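Participant: Structure in structure tokens, see below.
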Amino acid sequence: MADPRLLELRDVTVTFPVRAGPWRRVAGQVRAVDRVNLSVASGESLGLVGESGCGKTTLAKVAAALLKPSSGEVWFEGERLSAMTGSRLRQMRRRWQLIFQDPANALNPRFTVRQAIEEPLIIHRLDGTVADRRNTVAALLDKVGLAETFADRLPSELSGGERQRVVIARALAVQPRLLICDEPIASLDVSIGAQMLELLRDLQRREHLSYLFISHDLRSVASMAHRVAVMYLGAVVEVASTEALFRVPWHPYTELLLRSAFQPLSAQGVAGGEAPSALHLSSGCRFRARCPLAEQICVDQEPALIPKNPPYEPALRLAPPSVGLAQGSASPRLVACHKRP
Amino acid sequence: MSALLEIRHLSIGYRTDGGLLRAVDDVSLTVPAGQTVGLVGESGSGKSTLALAVTRLLPSPPAEMLGGAILFEGRDLLNATTQELQAIRGGQIGYVFQEPATSLNPVYTVGTQLLEAIHLHTPHRGAAATEYAVDLLTRVGMPDPAQRLRAYPHELSGGMKQRVMLAMAIAAQPKLLIADEPTTALDVTIQVQILQLLQRLQDELSLSLLFISHDWHLVESLADSVGVMQTGRLVEFGPRDVVLRQPTHPYTRHLLQSVPAVPWLEGP
């Protein structure tokens, strides 16, 4: 039996050099991702939310082994990716696939839908005869709700939603276990986005897929994820089951995010401040400059991401669980905050 | 309640190789003085075309006014001269667009661009103009306003750039502000700050607001009445609570249902 943890990030840090001055000398390092520990279980959707520049996409690249972490390890199905190179890594790559934000950029404009879907089959030597490939493409298109007649069209002849379906079909071609979706509906209209989420949920049930679902849109994360991790300036500040997180956001930043997204303007406090630049991280808690609870300890010490329990039961309102999702792994809520018990 | 802006049976087309495309088709709506009208629709529904058409900002060709009237304080802008239009644009009607980064000129400082608006539309000159610029930046909640006059757009965050755009838009104390997806490019916590600012400016200056968005939550927060556009047509228009709670048009219902539900937040 394989490890129930499909993807595991252990203490992953990614730093980028910051160049400045007329000679573009390295003037410092920016920590885009700072000691992140996360795992995605088999069949699970892990949502990753945070504002622009918080390191979500960098983390996605690390998870997809497109970027080597500066320190820390990435494990997939019990194997350490950070130690792998060459053909071994290439073989592993078909176990996960990426879905990006803009399907127009993710497809080669000169490839027909058939060529786009066949390419990964050929690269991973999963192609058989011409007839086999034809059947595979038809079956994949069917999985994403497109008729076989789409196979000979070019991306320019497709709508945004149809293109994203082709991208998903291409990702499924190599029978991955994990899809890393980086803002998959951000460039689509609301109604098309809703259909895309429905398709992804449906595929998860039928194909037993796992998702790392990255989005700035809390609504789509709530409807997709079993668990949610909240990132702020490179670090995960809270991880909890989706229901627990949305019922009782426990990190002050999570609270601010949810209030901003869901409460009417009249219920918003005097929201001041913006996220400081990741270039100039201050000491202690990275959220303290915007935090209403900040005290001296938040300046002195960086809070660790540790199990915490809100002192009240989360079931404040009776509401059905999320639509048709399998139960997420029972996991403790982790919060990085000195002020929350 | 008098109508500040009244659009009557407006139709706008784009001349294309394939013939005439009706981007706005027989749309009628009113923006009463001091009120906020929200306009919702998906991409290509004609909402931005309508917004630009109000002060005739659409380049022609390819755009063509096919009929109707745009009455601003009772005067039909479709018959206005270029000179009259120039006084109205940025004078009595201000604009804020989606992407503050592309609305500001990257090679000029905030001060230069703000002063240009002040010179064009107000009597302030010299030191008084600079003072007024600082005053405007203070009003839009810009920290260190006097220093920020010397800042270039790239030195400001997205939220701060949008504050500068708002300062320029209100420089001439307009009566109507047309905001086309003003917070779409911003993070959600910054979005709230800009919306709060919009609401405060509206109170202080008794502005009317035509607020265009694809986000129901924002429209619900701000608008007194709501219009829904689909492929150029205004398919529903009415008071906010009626459109949101008892929509009559199937497309409105479809759009409302497309918003992913968060069961733990939305009680019965």
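A note on labels: chains of the structure tokens are A, B, ... as shown, every chain counts residues from 1, and ligands are counted from 1 in their shown order.
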Using only C-alpha atoms, which residues sit within 7 Å of Leu154 (chain A) once same-chain residues fewer than 5 positions away are excluded, as a list in words?

Facilitator: Pro109, Arg110, Phe111, Thr112 and Val113 of chain A

Participant: Name all residues at most 7 Å from Ile117 (chain A) (count only C-alpha atoms; drop same-chain ones fewer than 3 positions away) and give them as a ChimeraX atom specification.

Facilitator: /A:113-114,120,137,169-170,173

Participant: Write out as a tab-separated table the residues of chain A that have any atom within 6 Å of an atom of chain B, one row each with the nearest atom pair and its distance in Å to one decimal, counting only C-alpha atoms, sorted by chain and then rising number.

Facilitator:
residue	atom	partner	partner_atom	distance
A:Glu51	CA	B:Asp187	CA	5.8
A:Asp189	CA	B:Glu42	CA	5.9
A:Ser191	CA	B:Ser258	CA	4.9
A:Ala194	CA	B:Ser258	CA	5.4
A:Arg219	CA	B:Pro260	CA	5.7
A:Ser220	CA	B:Pro260	CA	5.9
A:Arg247	CA	B:Trp264	CA	5.8
A:Ser260	CA	B:Thr189	CA	5.4
A:Pro264	CA	B:Ser221	CA	5.5
A:Leu265	CA	B:Ser221	CA	5.8
A:Ala319	CA	B:Pro263	CA	5.7

Participant: Let me see the file: selected residues, N, CA and C atoms, as a JSON list (two decimals), in the first residue's frame.

Facilitator:
[["chain", "number", "residue", "atom", "x", "y", "z"],
["A", 51, "GLU", "N", -2.99, 36.26, -1.06],
["A", 51, "GLU", "CA", -3.06, 37.38, -1.98],
["A", 51, "GLU", "C", -1.87, 37.36, -2.94],
["A", 189, "ASP", "N", -15.25, 33.53, -17.43],
["A", 189, "ASP", "CA", -16.45, 34.17, -16.94],
["A", 189, "ASP", "C", -17.06, 33.35, -15.82],
["A", 191, "SER", "N", -20.00, 32.11, -15.13],
["A", 191, "SER", "CA", -20.81, 30.91, -15.38],
["A", 191, "SER", "C", -19.95, 29.79, -15.96],
["A", 194, "ALA", "N", -17.95, 28.26, -13.10],
["A", 194, "ALA", "CA", -18.77, 27.34, -12.31],
["A", 194, "ALA", "C", -18.82, 25.97, -12.97],
["A", 219, "ARG", "N", -14.36, 31.65, -2.68],
["A", 219, "ARG", "CA", -15.56, 30.87, -2.96],
["A", 219, "ARG", "C", -15.24, 29.59, -3.71],
["A", 220, "SER", "N", -14.39, 29.70, -4.73],
["A", 220, "SER", "CA", -14.11, 28.48, -5.49],
["A", 220, "SER", "C", -13.30, 27.50, -4.65],
["A", 247, "ARG", "N", -15.96, 28.28, 8.87],
["A", 247, "ARG", "CA", -16.85, 28.57, 9.99],
["A", 247, "ARG", "C", -16.18, 29.48, 11.01],
["A", 260, "SER", "N", -13.26, 40.29, 4.36],
["A", 260, "SER", "CA", -13.18, 41.12, 3.15],
["A", 260, "SER", "C", -13.99, 40.51, 2.02],
["A", 264, "PRO", "N", -20.67, 42.28, 4.11],
["A", 264, "PRO", "CA", -20.99, 43.55, 3.45],
["A", 264, "PRO", "C", -20.06, 44.66, 3.92],
["A", 265, "LEU", "N", -19.96, 45.72, 3.11],
["A", 265, "LEU", "CA", -19.06, 46.83, 3.43],
["A", 265, "LEU", "C", -19.32, 47.41, 4.80],
["A", 319, "ALA", "N", -25.64, 24.03, 8.46],
["A", 319, "ALA", "CA", -25.49, 24.14, 7.01],
["A", 319, "ALA", "C", -25.00, 22.79, 6.50]]

Participant: DSSP on the backbone: which residues in region 98-241 of chain B end up as helix (DSSP H, G or I)? Give the answer as a ChimeraX atom specification.

Facilitator: /B:100-103,110-121,126-139,145-148,153-155,158-170,188-205,216-222,240-241

Participant: Which neighbours of Pro307 (chain A) fall inside 12 Å, counting only C-alpha atoms, when residues of the same chain fewer than 4 positions from it are skipped, and could you give them as a PDB file with all heavy atoms, in the first residue's frame?

Facilitator:
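Result file is around-v4.pdb:
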ATOM      1  N   VAL A 237       0.118  30.348   7.270  1.00  0.00           N
ATOM      2  CA  VAL A 237      -0.236  30.850   8.603  1.00  0.00           C
ATOM      3  C   VAL A 237      -1.390  30.071   9.228  1.00  0.00           C
ATOM      4  O   VAL A 237      -1.601  30.133  10.428  1.00  0.00           O
ATOM      5  CB  VAL A 237      -0.567  32.364   8.594  1.00  0.00           C
ATOM      6  CG1 VAL A 237       0.663  33.172   8.211  1.00  0.00           C
ATOM      7  CG2 VAL A 237      -1.729  32.669   7.670  1.00  0.00           C
ATOM      8  N   GLU A 238      -2.158  29.349   8.398  1.00  0.00           N
ATOM      9  CA  GLU A 238      -3.221  28.522   8.961  1.00  0.00           C
ATOM     10  C   GLU A 238      -3.536  27.385   7.994  1.00  0.00           C
ATOM     11  O   GLU A 238      -3.587  27.585   6.782  1.00  0.00           O
ATOM     12  CB  GLU A 238      -4.492  29.349   9.222  1.00  0.00           C
ATOM     13  CG  GLU A 238      -5.638  28.515   9.797  1.00  0.00           C
ATOM     14  CD  GLU A 238      -6.727  29.332  10.499  1.00  0.00           C
ATOM     15  OE1 GLU A 238      -6.658  30.581  10.451  1.00  0.00           O
ATOM     16  OE2 GLU A 238      -7.637  28.730  11.084  1.00  0.00           O
ATOM     17  N   VAL A 239      -3.740  26.193   8.538  1.00  0.00           N
ATOM     18  CA  VAL A 239      -4.241  25.051   7.762  1.00  0.00           C
ATOM     19  C   VAL A 239      -5.363  24.434   8.567  1.00  0.00           C
ATOM     20  O   VAL A 239      -5.221  24.202   9.768  1.00  0.00           O
ATOM     21  CB  VAL A 239      -3.182  23.941   7.567  1.00  0.00           C
ATOM     22  CG1 VAL A 239      -3.647  22.947   6.511  1.00  0.00           C
ATOM     23  CG2 VAL A 239      -1.843  24.502   7.211  1.00  0.00           C
ATOM     24  N   ALA A 240      -6.484  24.157   7.915  1.00  0.00           N
ATOM     25  CA  ALA A 240      -7.598  23.521   8.619  1.00  0.00           C
ATOM     26  C   ALA A 240      -8.513  22.887   7.598  1.00  0.00           C
ATOM     27  O   ALA A 240      -8.402  23.156   6.394  1.00  0.00           O
ATOM     28  CB  ALA A 240      -8.361  24.547   9.453  1.00  0.00           C
ATOM     29  N   TRP A 250      -9.305  31.294  12.238  1.00  0.00           N
ATOM     30  CA  TRP A 250      -8.682  31.481  13.548  1.00  0.00           C
ATOM     31  C   TRP A 250      -7.450  32.362  13.498  1.00  0.00           C
ATOM     32  O   TRP A 250      -7.161  33.091  14.427  1.00  0.00           O
ATOM     33  CB  TRP A 250      -8.385  30.094  14.152  1.00  0.00           C
ATOM     34  CG  TRP A 250      -8.216  30.106  15.641  1.00  0.00           C
ATOM     35  CD1 TRP A 250      -7.227  29.482  16.359  1.00  0.00           C
ATOM     36  CD2 TRP A 250      -9.051  30.751  16.622  1.00  0.00           C
ATOM     37  NE1 TRP A 250      -7.395  29.708  17.702  1.00  0.00           N
ATOM     38  CE2 TRP A 250      -8.505  30.487  17.887  1.00  0.00           C
ATOM     39  CE3 TRP A 250     -10.197  31.548  16.536  1.00  0.00           C
ATOM     40  CZ2 TRP A 250      -9.065  30.981  19.070  1.00  0.00           C
ATOM     41  CZ3 TRP A 250     -10.763  32.048  17.713  1.00  0.00           C
ATOM     42  CH2 TRP A 250     -10.196  31.745  18.948  1.00  0.00           C
ATOM     43  N   HIS A 251      -6.698  32.324  12.424  1.00  0.00           N
ATOM     44  CA  HIS A 251      -5.594  33.279  12.301  1.00  0.00           C
ATOM     45  C   HIS A 251      -6.187  34.650  11.942  1.00  0.00           C
ATOM     46  O   HIS A 251      -7.094  34.722  11.116  1.00  0.00           O
ATOM     47  CB  HIS A 251      -4.607  32.833  11.226  1.00  0.00           C
ATOM     48  CG  HIS A 251      -3.323  33.594  11.256  1.00  0.00           C
ATOM     49  ND1 HIS A 251      -3.212  34.884  10.768  1.00  0.00           N
ATOM     50  CD2 HIS A 251      -2.100  33.279  11.744  1.00  0.00           C
ATOM     51  CE1 HIS A 251      -1.971  35.315  10.944  1.00  0.00           C
ATOM     52  NE2 HIS A 251      -1.268  34.359  11.537  1.00  0.00           N
ATOM     53  N   PRO A 303       5.839  33.359  15.370  1.00  0.00           N
ATOM     54  CA  PRO A 303       4.996  32.263  15.861  1.00  0.00           C
ATOM     55  C   PRO A 303       5.170  31.012  14.994  1.00  0.00           C
ATOM     56  O   PRO A 303       5.316  31.097  13.781  1.00  0.00           O
ATOM     57  CB  PRO A 303       3.579  32.817  15.738  1.00  0.00           C
ATOM     58  CG  PRO A 303       3.665  33.871  14.693  1.00  0.00           C
ATOM     59  CD  PRO A 303       5.051  34.435  14.754  1.00  0.00           C
ATOM     60  N   SER A 331      -7.746  16.203  10.158  1.00  0.00           N
ATOM     61  CA  SER A 331      -6.441  16.761  10.480  1.00  0.00           C
ATOM     62  C   SER A 331      -6.637  17.900  11.453  1.00  0.00           C
ATOM     63  O   SER A 331      -7.644  18.597  11.401  1.00  0.00           O
ATOM     64  CB  SER A 331      -5.767  17.263   9.211  1.00  0.00           C
ATOM     65  OG  SER A 331      -6.622  18.182   8.574  1.00  0.00           O
ATOM     66  N   PRO A 332      -5.675  18.089  12.345  1.00  0.00           N
ATOM     67  CA  PRO A 332      -5.821  19.177  13.303  1.00  0.00           C
ATOM     68  C   PRO A 332      -5.668  20.515  12.616  1.00  0.00           C
ATOM     69  O   PRO A 332      -5.071  20.608  11.543  1.00  0.00           O
ATOM     70  CB  PRO A 332      -4.666  18.926  14.281  1.00  0.00           C
ATOM     71  CG  PRO A 332      -3.623  18.235  13.466  1.00  0.00           C
ATOM     72  CD  PRO A 332      -4.376  17.402  12.465  1.00  0.00           C
ATOM     73  N   ARG A 333      -6.226  21.520  13.220  1.00  0.00           N
ATOM     74  CA  ARG A 333      -6.048  22.871  12.712  1.00  0.00           C
ATOM     75  C   ARG A 333      -4.689  23.383  13.181  1.00  0.00           C
ATOM     76  O   ARG A 333      -4.341  23.260  14.348  1.00  0.00           O
ATOM     77  CB  ARG A 333      -7.156  23.752  13.272  1.00  0.00           C
ATOM     78  CG  ARG A 333      -7.091  25.196  12.815  1.00  0.00           C
ATOM     79  CD  ARG A 333      -7.929  26.064  13.708  1.00  0.00           C
ATOM     80  NE  ARG A 333      -9.353  25.822  13.546  1.00  0.00           N
ATOM     81  CZ  ARG A 333     -10.170  26.637  12.873  1.00  0.00           C
ATOM     82  NH1 ARG A 333      -9.710  27.709  12.311  1.00  0.00           N
ATOM     83  NH2 ARG A 333     -11.443  26.364  12.794  1.00  0.00           N
ATOM     84  N   LEU A 334      -3.922  23.912  12.231  1.00  0.00           N
ATOM     85  CA  LEU A 334      -2.627  24.497  12.584  1.00  0.00           C
ATOM     86  C   LEU A 334      -2.707  25.999  12.377  1.00  0.00           C
ATOM     87  O   LEU A 334      -3.191  26.460  11.344  1.00  0.00           O
ATOM     88  CB  LEU A 334      -1.513  23.919  11.700  1.00  0.00           C
ATOM     89  CG  LEU A 334      -1.339  22.400  11.691  1.00  0.00           C
ATOM     90  CD1 LEU A 334      -0.257  22.005  10.708  1.00  0.00           C
ATOM     91  CD2 LEU A 334      -1.007  21.892  13.083  1.00  0.00           C
ATOM     92  N   VAL A 335      -2.238  26.743  13.359  1.00  0.00           N
ATOM     93  CA  VAL A 335      -2.287  28.198  13.257  1.00  0.00           C
ATOM     94  C   VAL A 335      -0.965  28.766  13.757  1.00  0.00           C
ATOM     95  O   VAL A 335      -0.440  28.322  14.780  1.00  0.00           O
ATOM     96  CB  VAL A 335      -3.443  28.782  14.114  1.00  0.00           C
ATOM     97  CG1 VAL A 335      -3.511  30.296  13.965  1.00  0.00           C
ATOM     98  CG2 VAL A 335      -4.774  28.166  13.726  1.00  0.00           C
ATOM     99  N   ALA A 336      -0.436  29.738  12.998  1.00  0.00           N
ATOM    100  CA  ALA A 336       0.794  30.412  13.429  1.00  0.00           C
ATOM    101  C   ALA A 336       0.430  31.760  14.015  1.00  0.00           C
ATOM    102  O   ALA A 336       0.394  32.766  13.299  1.00  0.00           O
ATOM    103  CB  ALA A 336       1.756  30.571  12.255  1.00  0.00           C
ATOM    104  N   CYS A 337       0.093  31.787  15.306  1.00  0.00           N
ATOM    105  CA  CYS A 337      -0.276  33.062  15.944  1.00  0.00           C
ATOM    106  C   CYS A 337      -0.045  32.956  17.439  1.00  0.00           C
ATOM    107  O   CYS A 337      -0.457  31.988  18.076  1.00  0.00           O
ATOM    108  CB  CYS A 337      -1.738  33.381  15.655  1.00  0.00           C
ATOM    109  SG  CYS A 337      -2.297  34.921  16.420  1.00  0.00           S
ATOM    110  N   HIS A 338       0.622  33.962  18.015  1.00  0.00           N
ATOM    111  CA  HIS A 338       0.849  33.966  19.459  1.00  0.00           C
ATOM    112  C   HIS A 338      -0.428  34.237  20.231  1.00  0.00           C
ATOM    113  O   HIS A 338      -0.595  33.786  21.356  1.00  0.00           O
ATOM    114  CB  HIS A 338       1.847  35.088  19.826  1.00  0.00           C
ATOM    115  CG  HIS A 338       3.238  34.822  19.355  1.00  0.00           C
ATOM    116  ND1 HIS A 338       3.934  33.698  19.704  1.00  0.00           N
ATOM    117  CD2 HIS A 338       4.057  35.544  18.553  1.00  0.00           C
ATOM    118  CE1 HIS A 338       5.133  33.747  19.140  1.00  0.00           C
ATOM    119  NE2 HIS A 338       5.221  34.852  18.434  1.00  0.00           N
ATOM    120  N   ARG A 340      -3.657  33.616  19.554  1.00  0.00           N
ATOM    121  CA  ARG A 340      -4.815  32.730  19.520  1.00  0.00           C
ATOM    122  C   ARG A 340      -4.511  31.462  20.309  1.00  0.00           C
ATOM    123  O   ARG A 340      -3.483  30.829  20.072  1.00  0.00           O
ATOM    124  CB  ARG A 340      -5.140  32.360  18.069  1.00  0.00           C
ATOM    125  CG  ARG A 340      -5.614  33.534  17.230  1.00  0.00           C
ATOM    126  CD  ARG A 340      -6.950  34.012  17.667  1.00  0.00           C
ATOM    127  NE  ARG A 340      -7.594  34.753  16.580  1.00  0.00           N
ATOM    128  CZ  ARG A 340      -8.689  35.487  16.737  1.00  0.00           C
ATOM    129  NH1 ARG A 340      -9.265  35.577  17.906  1.00  0.00           N
ATOM    130  NH2 ARG A 340      -9.222  36.120  15.712  1.00  0.00           N
ATOM    131  N   PRO A 341      -5.376  31.074  21.224  1.00  0.00           N
ATOM    132  CA  PRO A 341      -5.100  29.879  22.039  1.00  0.00           C
ATOM    133  C   PRO A 341      -5.192  28.593  21.234  1.00  0.00           C
ATOM    134  O   PRO A 341      -5.953  28.528  20.279  1.00  0.00           O
ATOM    135  CB  PRO A 341      -6.184  29.931  23.107  1.00  0.00           C
ATOM    136  CG  PRO A 341      -7.281  30.745  22.515  1.00  0.00           C
ATOM    137  CD  PRO A 341      -6.625  31.742  21.602  1.00  0.00           C
TER     138      PRO A 341
END

Participant: To one decimal place in Å, what is the distance between CA of Phe16 (chain A) and CA of Arg31 (chain A)?

Facilitator: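 Interatomic distance, CA of Phe16 (chain A) to CA of Arg31 (chain A): 6.6 Å.
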
Participant: Do a neighbour search on Arg80 (chain A) at 12 Å with only C-alpha atoms, toss out local chain neighbours closer than 6 positions, and write the hits as a list in words.

Facilitator: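 Contacts, in chain order: Leu6, Leu7, Glu8, Leu9, Arg10, Ala63, Ala65, Gly72, Glu73, Val74, Arg88, Leu89 and Met92 of chain A.
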
Participant: Distance CA of Ala304 (chain A)-CA of Leu67 (chain A), one decimal place?

Facilitator: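 So the answer is 25.5 Å.
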
Participant: Neighbouring residues of Leu210 (chain B) were defined as those with any atom within 10 Å, considering only C-alpha atoms; residues of the same chain fewer than 3 positions away were excluded. Please report them as a PyMOL selection string.

Facilitator: chain B and resi 5+30-31+35-39+51+95+176-180+207+213+223+225-226
